[in-house]
Structure formats: structure tokens, C-alpha cells
Amino acid sequence: MRVFGVTGWKNAGKTGLMERLVSEITGRGITVSTLKHAHHTFDVDHPGKDSYRHRKAGATEVLLASRNRWALMHELRDTEEPALEDLLPKLAPVDLVLIEGYKRDRHPKIEAWRAETGNPLIAPGDDSIRAVASDAPLPGLNVPNFDLNDTVGIADFVLREVGLGAVGLEEVGS
């Protein structure tokens with residue numbers, strides 16, 4: 001499975017970049033799934049809903065299905081957070097998985113960076129970061145520096161990095 005990440009500090013533009021990349025890359029006929037790391041507790045259902053009640057009652061997994069989608073919730077119940085390499089096989093096969101977050105993992109990534117946040121760049125100390133997408137020029141980087149809004153250029157770069165850059169639509173999925 002081909003994977004490529006978008007990483008960076010909070011408010012760097014990761015989610016917006018992910019959204020634009022998914023749209024651009026799927027528009028080229030390439031199948032994409034995403035995996036996002038959350039640093040906080042989150043819920044995909046809400047108090048009072050049947051699935052929430054099942055989970056709160058002690059179910060380890062709750063699968064919610066309709067004619068439009070299905071979602072599987074798995075409660076960790078005080079076990080360790082699963083590693084990225086344990087989560088990837090849970091996804092159905094696609095051409096590319098884009099990963100948001102997981103800045104400490106070793107998969108190839110692009111760093112989203114905004115000057116206004118005042119955060120340091122991660123790229124200079126992390127060789128898994130293959131490029132930086134920023135809202136300001138960053139002279140002296142040892143990796144390519146894209147404008148944060150250059151979705152087409154960033155998508156081209158990502159696809160070349162994962163070996164899908166010169167693939168024709170009829171060859172995707174091979």
C-alpha cells in the first residue's frame with residue numbers, strides 16, 4: 001500500500017491541504033483513503049443514539065451501517081493506542097493512503113507550515129519529510145518548498161514520490 005503523510009504543528013494548514021489533495025488526486029482517477037491522528041478523545045456518535053448506548057454499555061466494537069455508509073467504532077478500553085502500522089491494514093485496498101499527523105512516524109511526508117504560528121520547522125531535523133508546503137518562502141531548505149496553496153504542484157510531487165506520477169488512469173490499481 002502506498003502511503004504519504006501531511007504533518008506539521010497545530011494550525012499549520014494540514015487539514016485544508018489534505019482536503020485539497022484528496023480532491024485533486026481522486027479527480028485524476030486515483031483511489032485515496034485517509035487516516036488522521038487525533039490527540040484527544042473524540043466521538044463519532046452522540047449521547048442518546050443507539051450506537052453510543054451500545055458502546056457505553058461495554059461493547060468492544062460497534063458497527064453502524066446504512067445504505068450510504070458504514071462505520072466501525074472500536075473501544076480501546078484502557079489498552080494502548082494502536083501504532084500506524086497496525087491501523088493501515090484495517091483499510092480497504094486503495095491506490096494511496098494519505099496520513100494526517102503521525103509526525104514522529106517514519107513514512108514519507110510533506111510538512112505544512114505557516115509563518116504566523118511561530119512554530120519551528122520540523123523538516124530540518126527529520127529526513128522523512130520530503131518537502132515543505134508553506135505560506136512564505138523558506139530559503140536554505142534541503143527539501144522542495146511549495147506554496148501551501150499549490151495543490152496541483154504538491155499533488156504532482158506526492159504522486160511522483162509514491163510511484164504514481166507517470167501512471168495512466170488505466171494503470172492505477174495495478
# chains A, B, ... in the order shown; residues from 1 in each chain; ligands from 1
call {"tool": "residues_around", "arguments": {"residues": "range 96-98 of chain A", "least_positions_apart": "3", "cutoff": "6 Å", "atoms": "only C-alpha atoms", "output": "PyMOL selection string"}}
result
chain A and resi 2-5+32-34
call {"tool": "residues_around", "arguments": {"residues": "range 78-92 of chain A", "least_positions_apart": "2", "cutoff": "8 Å", "atoms": "only C-alpha atoms", "output": "NGL selection string"}}
result
:A and (33 or 76 or 94 or 102 or 105)
call {"tool": "write_last_selection", "arguments": {"atoms": "C-alpha atoms", "output": "PDB file, in the first residue's frame"}}
result
ATOM      1  CA  SER A  33      -8.225   6.788   1.707  1.00  0.00           C
ATOM      2  CA  LEU A  76      -9.591   0.585  23.366  1.00  0.00           C
ATOM      3  CA  VAL A  94      -6.703   1.757  -2.485  1.00  0.00           C
ATOM      4  CA  TYR A 102       1.783  10.997  12.913  1.00  0.00           C
ATOM      5  CA  ASP A 105       6.396   8.013  12.359  1.00  0.00           C
TER       6      ASP A 105
END
call {"tool": "residues_around", "arguments": {"residues": "range 137-146 of chain A", "least_positions_apart": "5", "cutoff": "10 Å", "atoms": "only C-alpha atoms", "output": "list of chain:residue names"}}
result
A:Ile110, A:Glu111, A:Ala112, A:Ala115, A:Leu121, A:Ala123, A:Pro124, A:Asp127, A:Ile129, A:Arg130, A:Ala131, A:Val132, A:Thr151, A:Gly153, A:Ile154, A:Phe157
call {"tool": "closest_residue", "arguments": {"among": "A:Met73, A:Leu64, A:Ile30, A:Val6", "to": "Pro93 in chain A", "atoms": "only C-alpha atoms"}}
result
A:Ile30
call {"tool": "residues_around", "arguments": {"residues": "Glu61 in chain A", "least_positions_apart": "3", "cutoff": "7 Å", "atoms": "only C-alpha atoms", "output": "list of chain:residue names"}}
result
A:Leu72, A:Met73, A:His74, A:Glu75
call {"tool": "select_by_dssp", "arguments": {"residues": "range 13-170 of chain A", "states": "strand (DSSP E or B)", "output": "NGL selection string"}}
result
:A and (32-36 or 61-65 or 70-74 or 96-100 or 109-113 or 129-134 or 145-147)
call {"tool": "atom_distance", "arguments": {"atom1": "CA of Asn119 in chain A", "atom2": "CA of Lys10 in chain A"}}
result
8.9 Å
